[in-house]
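K.L.:
Please read through the structure below; I'll follow up with questions.
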Amino acid sequence: NRWLVHREVPSPNWNERKLPVSMVVLHYTGMRTADEALERLCDPAAEVSAHYMIDEDGTVTRLVAEEKRAWHAGRSSWRGITDVNSASIGIELVNPGHEFGYRPFPEAQMEALIPLLADIVKRHDIPRANVVGHSDVAPARKEDPGELFPWDLLARYRLALAKPKLAIQLVFDNPGAFYLALERFGYDITDPSAAVRAFQRRWRPSRIDGEVDGQIGALLFELLLERDVGRAR
């Protein structure tokens with residue numbers, strides 16, 4: 001995928017993978033500038049990195065080779081995998097994040113992400129359900145890439161799951177039943193309301209309150225149904 005990468009800035013922050021690649025985790029940098037973010041991702045003392053960073057102007061920087069384990073996900077879990085770093089490719093999108101003036105992701109940035117992601121997904125045969133945000137794998141700690149991230153755009157290119165079309169509201173018998181279904185879908189439910197907020201941030205960003213309601217109940221039911229009948233890998 002050399003043609004998709006504009007520059008190489010090797011980060012020292014990596015080690016060997018213990019698992020095959022089966023997911024992609026998308027992040028925002030959450031720092032004031034791209035230069036600041038790049039410096040941190042390459043700082044041995046920071047002990048963080050990612051495989052790629054995409055600037056707001058669409059510049060793609062490779063920091064860690066894909067066969068190596070970059071340190072981007074931290075303490076996290078998805079579909080029972082707790083060593084997410086070993087099983088994933090991490091992509092950082094330059095954005096100041098919620099702390100420094102969160103803003104929409106520019107078109108140029110998305111135009112660089114889509115072919116890179118398409119290439120990664122194809123080469124590693126990654127299921128769409130495993131193209132996730134940092135908040136999906138670490139709901140109690142993270143909010144990125146956040147509610148402004150255009151998941152629907154990725155879904156249009158079949159690079160992430162599409163949001164189900166809802167005909168109904170569905171109230172689970174009790175919140176516990178919803179949490180178990182959420183865990184079955186892939187989320188870590190150790191902190192239930194954080195897991196609900198992460199689900200809302202991804203699937204219903206218009207209201208992120210951590211409360212279980214009929215709308216998100218129906219969304220989760222449809223997502224699980226799609227997966228169980230084999231329509232959504």
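All residue names refer to the structure tokens as shown: chains lettered A, B, ... in order, residues numbered from 1 in each chain, ligands numbered from 1 in order.
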Would you please extract all strand (DSSP E or B) residues from stretch 83-155 of chain A, as assigned by DSSP on the backbone, and give them as an mmCIF file with C-alpha atoms, in the first residue's frame?

P.N.:
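File out-v8.cif, as written:
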```cif
data_model
loop_
_atom_site.group_PDB
_atom_site.id
_atom_site.type_symbol
_atom_site.label_atom_id
_atom_site.label_comp_id
_atom_site.auth_asym_id
_atom_site.auth_seq_id
_atom_site.Cartn_x
_atom_site.Cartn_y
_atom_site.Cartn_z
ATOM 1 C CA SER A 88 -5.582 -4.439 15.407
ATOM 2 C CA ILE A 89 -4.256 -1.737 13.146
ATOM 3 C CA GLY A 90 -4.522 1.724 14.695
ATOM 4 C CA ILE A 91 -5.256 4.834 12.651
ATOM 5 C CA GLU A 92 -5.014 8.291 14.256
ATOM 6 C CA LEU A 93 -7.009 11.112 12.641
ATOM 7 C CA VAL A 131 -13.863 -1.577 12.134
ATOM 8 C CA VAL A 132 -14.426 0.287 15.388
ATOM 9 C CA GLY A 133 -13.716 3.485 17.273
#
```

K.L.:
With only C-alpha atoms counted and 9 Å as the cut-off, give the residues of stretch 146-200 of chain A in contact with stretch 209-228 of chain A, each with its shortest interatomic distance in Å and the pair that gives it, as CSV.

P.N.:
```
residue,atom,partner,partner_atom,distance
A:Leu161,CA,A:Leu223,CA,8.6
A:Ala162,CA,A:Leu223,CA,8.9
A:Lys163,CA,A:Leu219,CA,7.8
A:Pro164,CA,A:Glu222,CA,6.3
A:Lys165,CA,A:Leu219,CA,8.2
A:Leu166,CA,A:Ala218,CA,7.0
A:Ala167,CA,A:Ala218,CA,8.5
A:Ile168,CA,A:Ala218,CA,6.6
A:Gln169,CA,A:Gly214,CA,4.6
A:Leu170,CA,A:Gly214,CA,4.5
A:Val171,CA,A:Gly214,CA,4.6
A:Phe172,CA,A:Gly217,CA,6.5
A:Pro175,CA,A:Val212,CA,6.6
A:Phe178,CA,A:Gly217,CA,7.0
A:Ala181,CA,A:Leu220,CA,7.5
A:Leu182,CA,A:Leu220,CA,7.2
A:Arg184,CA,A:Leu224,CA,8.2
A:Phe185,CA,A:Leu224,CA,6.5
A:Pro192,CA,A:Gly210,CA,8.3
A:Ser193,CA,A:Gly210,CA,4.8
A:Ala194,CA,A:Gly210,CA,6.5
A:Ala195,CA,A:Gly210,CA,7.7
A:Val196,CA,A:Gly210,CA,5.0
A:Arg197,CA,A:Gly210,CA,4.5
A:Ala198,CA,A:Gly210,CA,8.2
A:Phe199,CA,A:Ile216,CA,8.3
A:Gln200,CA,A:Ile216,CA,7.2
```

K.L.:
Considering only C-alpha atoms, can you say which of A:Gln109, A:Ser206, A:Ser76, A:Asn95 comes closest to A:Gly186?

P.N.:
A:Ser76

K.L.:
Any chance you could list, as a short mmCIF file (atom, residue, chain, number, x, y, z; two decimals) with all heavy atoms, in the first residue's frame, the residues in stretch 114-233 of chain A that come up alpha helix (DSSP H) when DSSP is run on the backbone?

P.N.:
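As a result, selection-v5.cif now contains:
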```cif
data_model
loop_
_atom_site.label_atom_id
_atom_site.label_comp_id
_atom_site.auth_asym_id
_atom_site.auth_seq_id
_atom_site.Cartn_x
_atom_site.Cartn_y
_atom_site.Cartn_z
N ILE A 114 -10.42 6.56 3.42
CA ILE A 114 -11.22 5.51 2.77
C ILE A 114 -10.37 4.53 1.95
O ILE A 114 -10.46 3.32 2.16
CB ILE A 114 -12.40 6.12 1.99
CG1 ILE A 114 -13.48 6.55 3.01
CG2 ILE A 114 -12.99 5.14 0.99
CD1 ILE A 114 -14.51 7.50 2.50
N PRO A 115 -9.50 4.99 1.04
CA PRO A 115 -8.68 4.01 0.30
C PRO A 115 -7.69 3.26 1.19
O PRO A 115 -7.44 2.07 0.97
CB PRO A 115 -7.96 4.84 -0.76
CG PRO A 115 -8.08 6.25 -0.33
CD PRO A 115 -9.28 6.36 0.54
N LEU A 116 -7.15 3.94 2.21
CA LEU A 116 -6.21 3.27 3.13
C LEU A 116 -6.94 2.16 3.88
O LEU A 116 -6.48 1.02 3.97
CB LEU A 116 -5.61 4.28 4.11
CG LEU A 116 -4.66 3.70 5.17
CD1 LEU A 116 -3.39 3.15 4.53
CD2 LEU A 116 -4.31 4.74 6.23
N LEU A 117 -8.11 2.50 4.41
CA LEU A 117 -8.91 1.53 5.16
C LEU A 117 -9.36 0.37 4.26
O LEU A 117 -9.28 -0.80 4.66
CB LEU A 117 -10.12 2.24 5.78
CG LEU A 117 -11.03 1.44 6.71
CD1 LEU A 117 -10.25 0.84 7.87
CD2 LEU A 117 -12.17 2.30 7.23
N ALA A 118 -9.78 0.70 3.04
CA ALA A 118 -10.21 -0.33 2.10
C ALA A 118 -9.08 -1.32 1.82
O ALA A 118 -9.28 -2.54 1.78
CB ALA A 118 -10.69 0.31 0.80
N ASP A 119 -7.89 -0.79 1.68
CA ASP A 119 -6.72 -1.62 1.41
C ASP A 119 -6.40 -2.54 2.61
O ASP A 119 -6.15 -3.73 2.44
CB ASP A 119 -5.52 -0.70 1.10
CG ASP A 119 -4.24 -1.47 0.81
OD1 ASP A 119 -4.23 -2.23 -0.17
OD2 ASP A 119 -3.28 -1.32 1.57
N ILE A 120 -6.46 -1.97 3.81
CA ILE A 120 -6.17 -2.74 5.03
C ILE A 120 -7.20 -3.85 5.23
O ILE A 120 -6.87 -5.01 5.48
CB ILE A 120 -6.15 -1.80 6.27
CG1 ILE A 120 -4.94 -0.85 6.20
CG2 ILE A 120 -6.13 -2.59 7.57
CD1 ILE A 120 -5.01 0.31 7.19
N VAL A 121 -8.47 -3.47 5.10
CA VAL A 121 -9.58 -4.42 5.31
C VAL A 121 -9.49 -5.59 4.32
O VAL A 121 -9.68 -6.75 4.69
CB VAL A 121 -10.92 -3.66 5.19
CG1 VAL A 121 -12.08 -4.61 4.98
CG2 VAL A 121 -11.15 -2.81 6.44
N LYS A 122 -9.16 -5.27 3.08
CA LYS A 122 -9.07 -6.31 2.06
C LYS A 122 -7.89 -7.24 2.32
O LYS A 122 -8.02 -8.47 2.29
CB LYS A 122 -8.95 -5.66 0.68
CG LYS A 122 -9.02 -6.66 -0.46
CD LYS A 122 -8.94 -5.96 -1.80
CE LYS A 122 -8.93 -6.98 -2.94
NZ LYS A 122 -8.70 -6.33 -4.23
N ARG A 123 -6.73 -6.67 2.59
CA ARG A 123 -5.53 -7.49 2.79
C ARG A 123 -5.62 -8.41 3.99
O ARG A 123 -5.15 -9.53 3.98
CB ARG A 123 -4.28 -6.61 2.91
CG ARG A 123 -3.75 -6.13 1.56
CD ARG A 123 -2.44 -5.38 1.68
NE ARG A 123 -2.58 -4.10 2.35
CZ ARG A 123 -2.18 -3.83 3.58
NH1 ARG A 123 -1.60 -4.76 4.31
NH2 ARG A 123 -2.33 -2.63 4.11
N HIS A 124 -6.26 -7.91 5.06
CA HIS A 124 -6.34 -8.70 6.30
C HIS A 124 -7.69 -9.41 6.46
O HIS A 124 -7.91 -10.07 7.48
CB HIS A 124 -6.08 -7.81 7.52
CG HIS A 124 -4.69 -7.23 7.56
ND1 HIS A 124 -3.59 -7.95 8.00
CD2 HIS A 124 -4.22 -6.01 7.19
CE1 HIS A 124 -2.51 -7.18 7.92
NE2 HIS A 124 -2.86 -6.01 7.44
N HIS A 134 -12.15 4.02 19.03
CA HIS A 134 -11.47 3.81 20.32
C HIS A 134 -12.49 3.71 21.45
O HIS A 134 -12.34 2.92 22.38
CB HIS A 134 -10.49 4.97 20.56
CG HIS A 134 -9.43 4.65 21.56
ND1 HIS A 134 -8.52 5.59 21.99
CD2 HIS A 134 -9.11 3.51 22.22
CE1 HIS A 134 -7.69 5.03 22.88
NE2 HIS A 134 -8.03 3.77 23.04
N SER A 135 -13.56 4.51 21.36
CA SER A 135 -14.59 4.47 22.40
C SER A 135 -15.35 3.14 22.41
O SER A 135 -15.89 2.75 23.44
CB SER A 135 -15.57 5.63 22.23
OG SER A 135 -16.18 5.57 20.95
N ASP A 136 -15.39 2.44 21.28
CA ASP A 136 -16.05 1.13 21.25
C ASP A 136 -15.25 0.10 22.05
O ASP A 136 -15.82 -0.78 22.69
CB ASP A 136 -16.20 0.62 19.80
CG ASP A 136 -17.16 1.47 18.98
OD1 ASP A 136 -18.23 1.83 19.51
OD2 ASP A 136 -16.85 1.77 17.81
N VAL A 137 -13.92 0.19 21.97
CA VAL A 137 -13.09 -0.82 22.63
C VAL A 137 -12.68 -0.42 24.05
O VAL A 137 -12.22 -1.26 24.83
CB VAL A 137 -11.83 -1.18 21.79
CG1 VAL A 137 -12.23 -1.72 20.44
CG2 VAL A 137 -10.87 -0.01 21.64
N TRP A 151 -19.40 7.76 10.34
CA TRP A 151 -19.47 6.30 10.16
C TRP A 151 -20.32 5.91 8.95
O TRP A 151 -20.06 4.91 8.30
CB TRP A 151 -20.04 5.64 11.42
CG TRP A 151 -19.09 5.66 12.58
CD1 TRP A 151 -19.17 6.45 13.69
CD2 TRP A 151 -17.92 4.84 12.76
NE1 TRP A 151 -18.11 6.18 14.54
CE2 TRP A 151 -17.33 5.20 13.99
CE3 TRP A 151 -17.31 3.84 11.98
CZ2 TRP A 151 -16.18 4.59 14.48
CZ3 TRP A 151 -16.15 3.24 12.46
CH2 TRP A 151 -15.60 3.61 13.69
N ASP A 152 -21.35 6.72 8.68
CA ASP A 152 -22.24 6.40 7.54
C ASP A 152 -21.48 6.44 6.22
O ASP A 152 -21.78 5.67 5.29
CB ASP A 152 -23.46 7.34 7.51
CG ASP A 152 -23.07 8.82 7.51
OD1 ASP A 152 -21.93 9.14 7.94
OD2 ASP A 152 -23.88 9.65 7.09
N LEU A 153 -20.47 7.31 6.12
CA LEU A 153 -19.65 7.39 4.92
C LEU A 153 -18.86 6.09 4.74
O LEU A 153 -18.81 5.52 3.64
CB LEU A 153 -18.69 8.59 5.01
CG LEU A 153 -17.74 8.81 3.83
CD1 LEU A 153 -18.50 9.14 2.55
CD2 LEU A 153 -16.74 9.91 4.15
N LEU A 154 -18.28 5.59 5.82
CA LEU A 154 -17.55 4.32 5.76
C LEU A 154 -18.49 3.18 5.40
O LEU A 154 -18.14 2.30 4.61
CB LEU A 154 -16.88 4.04 7.11
CG LEU A 154 -15.43 4.51 7.27
CD1 LEU A 154 -15.25 5.97 6.94
CD2 LEU A 154 -14.90 4.21 8.66
N ALA A 155 -19.69 3.23 5.97
CA ALA A 155 -20.68 2.16 5.69
C ALA A 155 -21.06 2.15 4.22
O ALA A 155 -21.28 1.08 3.63
CB ALA A 155 -21.91 2.37 6.56
N ARG A 156 -21.13 3.34 3.62
CA ARG A 156 -21.48 3.43 2.19
C ARG A 156 -20.47 2.69 1.31
O ARG A 156 -20.81 2.14 0.29
CB ARG A 156 -21.53 4.91 1.79
CG ARG A 156 -22.70 5.24 0.88
CD ARG A 156 -22.79 6.73 0.61
NE ARG A 156 -22.97 7.52 1.81
CZ ARG A 156 -22.58 8.79 1.92
NH1 ARG A 156 -21.97 9.41 0.92
NH2 ARG A 156 -22.78 9.45 3.03
N PRO A 175 -32.79 -3.51 31.97
CA PRO A 175 -31.48 -3.04 31.48
C PRO A 175 -30.44 -4.16 31.41
O PRO A 175 -29.62 -4.20 30.51
CB PRO A 175 -31.07 -1.98 32.51
CG PRO A 175 -32.35 -1.52 33.11
CD PRO A 175 -33.25 -2.71 33.12
N GLY A 176 -30.52 -5.11 32.34
CA GLY A 176 -29.57 -6.23 32.35
C GLY A 176 -29.60 -7.00 31.04
O GLY A 176 -28.54 -7.40 30.53
N ALA A 177 -30.77 -7.20 30.50
CA ALA A 177 -30.90 -7.93 29.22
C ALA A 177 -30.24 -7.14 28.10
O ALA A 177 -29.58 -7.71 27.22
CB ALA A 177 -32.37 -8.17 28.91
N PHE A 178 -30.39 -5.81 28.14
CA PHE A 178 -29.74 -4.96 27.14
C PHE A 178 -28.22 -5.06 27.26
O PHE A 178 -27.52 -5.21 26.27
CB PHE A 178 -30.20 -3.50 27.29
CG PHE A 178 -29.56 -2.57 26.29
CD1 PHE A 178 -30.11 -2.39 25.04
CD2 PHE A 178 -28.38 -1.90 26.61
CE1 PHE A 178 -29.51 -1.54 24.11
CE2 PHE A 178 -27.77 -1.05 25.69
CZ PHE A 178 -28.34 -0.88 24.44
N TYR A 179 -27.72 -5.00 28.51
CA TYR A 179 -26.26 -5.06 28.71
C TYR A 179 -25.69 -6.37 28.20
O TYR A 179 -24.62 -6.40 27.59
CB TYR A 179 -25.89 -4.88 30.20
CG TYR A 179 -26.35 -3.58 30.81
CD1 TYR A 179 -26.83 -3.54 32.12
CD2 TYR A 179 -26.32 -2.40 30.09
CE1 TYR A 179 -27.26 -2.35 32.69
CE2 TYR A 179 -26.75 -1.20 30.65
CZ TYR A 179 -27.23 -1.19 31.95
OH TYR A 179 -27.66 -0.01 32.50
N LEU A 180 -26.40 -7.47 28.44
CA LEU A 180 -25.92 -8.78 27.97
C LEU A 180 -25.88 -8.82 26.45
O LEU A 180 -24.95 -9.36 25.85
CB LEU A 180 -26.81 -9.90 28.52
CG LEU A 180 -26.60 -10.23 30.00
CD1 LEU A 180 -27.64 -11.25 30.47
CD2 LEU A 180 -25.19 -10.76 30.27
N ALA A 181 -26.90 -8.22 25.82
CA ALA A 181 -26.92 -8.16 24.35
C ALA A 181 -25.77 -7.28 23.84
O ALA A 181 -25.14 -7.59 22.83
CB ALA A 181 -28.27 -7.62 23.88
N LEU A 182 -25.50 -6.21 24.58
CA LEU A 182 -24.41 -5.30 24.22
C LEU A 182 -23.07 -6.03 24.30
O LEU A 182 -22.21 -5.88 23.43
CB LEU A 182 -24.44 -4.11 25.18
CG LEU A 182 -23.72 -2.82 24.78
CD1 LEU A 182 -24.21 -2.31 23.44
CD2 LEU A 182 -23.92 -1.75 25.85
N GLU A 183 -22.93 -6.85 25.33
CA GLU A 183 -21.70 -7.63 25.49
C GLU A 183 -21.59 -8.65 24.35
O GLU A 183 -20.51 -8.87 23.80
CB GLU A 183 -21.70 -8.35 26.84
CG GLU A 183 -20.40 -9.08 27.13
CD GLU A 183 -20.37 -9.66 28.53
OE1 GLU A 183 -21.36 -10.31 28.94
OE2 GLU A 183 -19.36 -9.48 29.22
N ARG A 184 -22.71 -9.22 23.98
CA ARG A 184 -22.71 -10.21 22.89
C ARG A 184 -22.30 -9.55 21.57
O ARG A 184 -21.64 -10.14 20.73
CB ARG A 184 -24.09 -10.84 22.76
CG ARG A 184 -24.06 -12.14 22.00
CD ARG A 184 -25.36 -12.91 22.11
NE ARG A 184 -25.64 -13.42 20.78
CZ ARG A 184 -26.71 -13.13 20.07
NH1 ARG A 184 -27.64 -12.34 20.55
NH2 ARG A 184 -26.88 -13.62 18.87
N PHE A 185 -22.65 -8.29 21.42
CA PHE A 185 -22.27 -7.57 20.20
C PHE A 185 -20.77 -7.26 20.18
O PHE A 185 -20.18 -7.12 19.12
CB PHE A 185 -23.08 -6.28 20.05
CG PHE A 185 -22.85 -5.59 18.74
CD1 PHE A 185 -23.24 -6.18 17.55
CD2 PHE A 185 -22.21 -4.36 18.68
CE1 PHE A 185 -23.01 -5.55 16.32
CE2 PHE A 185 -21.98 -3.72 17.45
CZ PHE A 185 -22.39 -4.33 16.28
N PRO A 192 -21.47 -0.34 32.87
CA PRO A 192 -22.61 -0.43 31.95
C PRO A 192 -23.01 0.88 31.29
O PRO A 192 -23.24 0.93 30.09
CB PRO A 192 -23.75 -0.98 32.82
CG PRO A 192 -23.07 -1.66 33.97
CD PRO A 192 -21.82 -0.88 34.20
N SER A 193 -23.08 1.97 32.08
CA SER A 193 -23.54 3.23 31.46
C SER A 193 -22.50 3.78 30.49
O SER A 193 -22.85 4.40 29.48
CB SER A 193 -23.96 4.27 32.51
OG SER A 193 -22.84 4.71 33.22
N ALA A 194 -21.21 3.54 30.75
CA ALA A 194 -20.16 3.95 29.80
C ALA A 194 -20.30 3.17 28.50
O ALA A 194 -20.14 3.71 27.40
CB ALA A 194 -18.78 3.74 30.41
N ALA A 195 -20.62 1.87 28.62
CA ALA A 195 -20.82 1.04 27.43
C ALA A 195 -22.03 1.54 26.63
O ALA A 195 -21.98 1.60 25.40
CB ALA A 195 -21.01 -0.42 27.83
N VAL A 196 -23.08 1.92 27.32
CA VAL A 196 -24.28 2.45 26.64
C VAL A 196 -23.94 3.77 25.94
O VAL A 196 -24.31 3.99 24.78
CB VAL A 196 -25.46 2.65 27.63
CG1 VAL A 196 -26.62 3.37 26.97
CG2 VAL A 196 -25.93 1.30 28.16
N ARG A 197 -23.18 4.64 26.60
CA ARG A 197 -22.78 5.91 25.98
C ARG A 197 -21.94 5.67 24.74
O ARG A 197 -22.11 6.34 23.72
CB ARG A 197 -22.00 6.79 26.98
CG ARG A 197 -22.88 7.55 27.95
CD ARG A 197 -22.12 8.67 28.66
NE ARG A 197 -20.96 8.18 29.39
CZ ARG A 197 -21.01 7.65 30.62
NH1 ARG A 197 -22.18 7.57 31.25
NH2 ARG A 197 -19.92 7.23 31.22
N ALA A 198 -21.02 4.70 24.81
CA ALA A 198 -20.17 4.38 23.65
C ALA A 198 -21.05 3.88 22.49
O ALA A 198 -20.83 4.25 21.33
CB ALA A 198 -19.13 3.33 24.02
N PHE A 199 -22.03 3.05 22.81
CA PHE A 199 -22.93 2.54 21.78
C PHE A 199 -23.72 3.69 21.15
O PHE A 199 -23.87 3.78 19.94
CB PHE A 199 -23.89 1.50 22.39
CG PHE A 199 -24.83 0.88 21.39
CD1 PHE A 199 -24.40 -0.16 20.57
CD2 PHE A 199 -26.13 1.34 21.25
CE1 PHE A 199 -25.26 -0.73 19.63
CE2 PHE A 199 -27.00 0.79 20.32
CZ PHE A 199 -26.56 -0.26 19.50
N GLN A 200 -24.22 4.59 22.01
CA GLN A 200 -24.98 5.75 21.51
C GLN A 200 -24.10 6.66 20.65
O GLN A 200 -24.54 7.14 19.61
CB GLN A 200 -25.55 6.55 22.70
CG GLN A 200 -26.64 5.83 23.45
CD GLN A 200 -27.00 6.52 24.76
OE1 GLN A 200 -26.19 7.21 25.36
NE2 GLN A 200 -28.24 6.33 25.20
N ARG A 201 -22.87 6.88 21.10
CA ARG A 201 -21.95 7.76 20.37
C ARG A 201 -21.76 7.24 18.94
O ARG A 201 -21.66 8.01 18.00
CB ARG A 201 -20.63 7.84 21.12
CG ARG A 201 -19.63 8.81 20.54
CD ARG A 201 -18.45 9.04 21.47
NE ARG A 201 -18.81 10.02 22.49
CZ ARG A 201 -18.93 9.75 23.79
NH1 ARG A 201 -18.72 8.55 24.24
NH2 ARG A 201 -19.27 10.71 24.64
N ARG A 202 -21.73 5.94 18.80
CA ARG A 202 -21.52 5.32 17.50
C ARG A 202 -22.82 5.23 16.69
O ARG A 202 -22.84 5.51 15.50
CB ARG A 202 -20.92 3.93 17.71
CG ARG A 202 -20.84 3.03 16.49
CD ARG A 202 -19.70 3.42 15.57
NE ARG A 202 -19.74 2.64 14.33
CZ ARG A 202 -19.06 1.53 14.11
NH1 ARG A 202 -18.27 1.05 15.04
NH2 ARG A 202 -19.16 0.92 12.95
N TRP A 203 -23.89 4.82 17.33
CA TRP A 203 -25.10 4.47 16.58
C TRP A 203 -26.24 5.47 16.67
O TRP A 203 -27.14 5.46 15.84
CB TRP A 203 -25.60 3.08 17.02
CG TRP A 203 -24.58 2.03 16.75
CD1 TRP A 203 -23.75 1.43 17.67
CD2 TRP A 203 -24.21 1.48 15.49
NE1 TRP A 203 -22.91 0.54 17.04
CE2 TRP A 203 -23.18 0.54 15.71
CE3 TRP A 203 -24.68 1.67 14.18
CZ2 TRP A 203 -22.58 -0.19 14.67
CZ3 TRP A 203 -24.10 0.95 13.15
CH2 TRP A 203 -23.06 0.03 13.40
N GLY A 214 -35.94 2.68 24.10
CA GLY A 214 -36.47 1.83 23.04
C GLY A 214 -35.75 1.98 21.71
O GLY A 214 -35.64 1.01 20.95
N GLN A 215 -35.24 3.18 21.45
CA GLN A 215 -34.56 3.40 20.17
C GLN A 215 -33.24 2.65 20.10
O GLN A 215 -32.96 1.95 19.12
CB GLN A 215 -34.34 4.90 19.95
CG GLN A 215 -33.90 5.22 18.54
CD GLN A 215 -33.67 6.71 18.33
OE1 GLN A 215 -33.27 7.42 19.24
NE2 GLN A 215 -33.94 7.18 17.12
N ILE A 216 -32.42 2.77 21.14
CA ILE A 216 -31.14 2.05 21.09
C ILE A 216 -31.36 0.54 21.28
O ILE A 216 -30.59 -0.27 20.77
CB ILE A 216 -30.06 2.61 22.05
CG1 ILE A 216 -30.46 2.48 23.50
CG2 ILE A 216 -29.68 4.02 21.69
CD1 ILE A 216 -29.30 2.70 24.47
N GLY A 217 -32.45 0.19 21.97
CA GLY A 217 -32.81 -1.22 22.09
C GLY A 217 -33.06 -1.83 20.72
O GLY A 217 -32.57 -2.91 20.39
N ALA A 218 -33.81 -1.10 19.90
CA ALA A 218 -34.11 -1.57 18.54
C ALA A 218 -32.86 -1.61 17.67
O ALA A 218 -32.66 -2.55 16.89
CB ALA A 218 -35.17 -0.66 17.91
N LEU A 219 -32.01 -0.60 17.81
CA LEU A 219 -30.76 -0.57 17.04
C LEU A 219 -29.89 -1.78 17.34
O LEU A 219 -29.39 -2.46 16.44
CB LEU A 219 -29.96 0.71 17.36
CG LEU A 219 -30.40 1.98 16.66
CD1 LEU A 219 -29.77 3.20 17.32
CD2 LEU A 219 -30.04 1.95 15.18
N LEU A 220 -29.73 -2.07 18.64
CA LEU A 220 -28.89 -3.20 19.04
C LEU A 220 -29.50 -4.52 18.56
O LEU A 220 -28.79 -5.39 18.05
CB LEU A 220 -28.72 -3.21 20.56
CG LEU A 220 -27.86 -4.34 21.13
CD1 LEU A 220 -26.46 -4.36 20.52
CD2 LEU A 220 -27.76 -4.22 22.66
N PHE A 221 -30.82 -4.65 18.70
CA PHE A 221 -31.50 -5.87 18.25
C PHE A 221 -31.27 -6.10 16.76
O PHE A 221 -30.93 -7.20 16.33
CB PHE A 221 -32.99 -5.74 18.56
CG PHE A 221 -33.79 -6.95 18.14
CD1 PHE A 221 -33.78 -8.11 18.90
CD2 PHE A 221 -34.55 -6.92 16.97
CE1 PHE A 221 -34.52 -9.23 18.50
CE2 PHE A 221 -35.28 -8.03 16.57
CZ PHE A 221 -35.26 -9.20 17.34
N GLU A 222 -31.43 -5.03 15.97
CA GLU A 222 -31.24 -5.14 14.51
C GLU A 222 -29.80 -5.49 14.15
O GLU A 222 -29.54 -6.29 13.26
CB GLU A 222 -31.65 -3.83 13.81
CG GLU A 222 -33.14 -3.57 13.79
CD GLU A 222 -33.89 -4.52 12.87
OE1 GLU A 222 -33.29 -5.02 11.90
OE2 GLU A 222 -35.08 -4.78 13.13
N LEU A 223 -28.84 -4.87 14.84
CA LEU A 223 -27.43 -5.16 14.57
C LEU A 223 -27.09 -6.62 14.86
O LEU A 223 -26.39 -7.28 14.09
CB LEU A 223 -26.53 -4.24 15.41
CG LEU A 223 -26.44 -2.78 14.94
CD1 LEU A 223 -25.87 -1.90 16.04
CD2 LEU A 223 -25.59 -2.66 13.68
N LEU A 224 -27.60 -7.12 15.98
CA LEU A 224 -27.35 -8.53 16.32
C LEU A 224 -28.04 -9.46 15.33
O LEU A 224 -27.48 -10.48 14.93
CB LEU A 224 -27.83 -8.82 17.74
CG LEU A 224 -26.89 -8.35 18.85
CD1 LEU A 224 -27.58 -8.41 20.21
CD2 LEU A 224 -25.61 -9.17 18.89
N LEU A 225 -29.25 -9.09 14.92
CA LEU A 225 -30.00 -9.91 13.96
C LEU A 225 -29.25 -9.98 12.63
O LEU A 225 -29.07 -11.07 12.06
CB LEU A 225 -31.39 -9.30 13.76
CG LEU A 225 -32.40 -10.14 12.98
CD1 LEU A 225 -32.73 -11.43 13.72
CD2 LEU A 225 -33.67 -9.33 12.75
N GLU A 226 -28.80 -8.82 12.15
CA GLU A 226 -28.05 -8.77 10.89
C GLU A 226 -26.83 -9.69 10.96
O GLU A 226 -26.51 -10.40 10.02
CB GLU A 226 -27.53 -7.33 10.64
CG GLU A 226 -28.61 -6.35 10.28
CD GLU A 226 -28.91 -6.32 8.79
OE1 GLU A 226 -28.00 -6.00 8.02
OE2 GLU A 226 -30.04 -6.65 8.42
N ARG A 227 -26.16 -9.65 12.11
CA ARG A 227 -24.97 -10.47 12.26
C ARG A 227 -25.32 -11.96 12.32
O ARG A 227 -24.67 -12.79 11.70
CB ARG A 227 -24.21 -10.06 13.52
CG ARG A 227 -22.78 -10.58 13.52
CD ARG A 227 -21.97 -10.02 14.64
NE ARG A 227 -22.27 -10.72 15.90
CZ ARG A 227 -21.79 -10.34 17.06
NH1 ARG A 227 -21.07 -9.25 17.16
NH2 ARG A 227 -22.06 -11.01 18.14
N ASP A 228 -26.37 -12.27 13.07
CA ASP A 228 -26.74 -13.67 13.27
C ASP A 228 -27.24 -14.34 11.99
O ASP A 228 -27.07 -15.53 11.81
CB ASP A 228 -27.78 -13.81 14.38
CG ASP A 228 -27.18 -13.52 15.76
OD1 ASP A 228 -25.94 -13.35 15.83
OD2 ASP A 228 -27.93 -13.45 16.74
#
```

K.L.:
Which residue out of A:Gly146, A:Pro10, A:Gly30, A:Pro44 has the minimum interatomic distance to A:Phe100 when only C-alpha atoms are used?

P.N.:
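Smallest separation from A:Phe100 among the options: A:Gly30.
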
K.L.:
Measuring between only C-alpha atoms, which one of A:Ala87, A:Ala34, A:Ile54, A:Val64 shows the shortest distance to A:Lys18?

P.N.:
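The closest residue to A:Lys18 is A:Ala87.
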
K.L.:
Find the residue from A:Pro20, A:Pro145, A:Met53, A:Gly80 that sits nearest to A:Asp125; use only C-alpha atoms when measuring.

P.N.:
A:Pro20

K.L.:
Taking only C-alpha atoms into account, name the residue in A:His72, A:Leu159, A:Thr33, A:Ala65 that is nearest to A:Ser49.

P.N.:
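Between A:His72, A:Leu159, A:Thr33, A:Ala65, the residue approaching A:Ser49 most closely is A:His72.
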
K.L.:
Please measure the separation of atom CA of A:Asn13 and atom CA of A:Glu47, giving the value in Å to one decimal.

P.N.:
5.7 Å

K.L.:
Name the residues in contact with A:Glu8 at a cut-off of 9 Å, using only C-alpha atoms, excluding same-chain residues fewer than 4 positions from it; report them as a PyMOL selection string.

P.N.:
chain A and resi 60-64

K.L.:
I'd like the interatomic distance between atom CA of A:Val21 and atom CA of A:Asp83, to a tenth of an Å.

P.N.:
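Computing it gives 11.1 Å between the two atoms.
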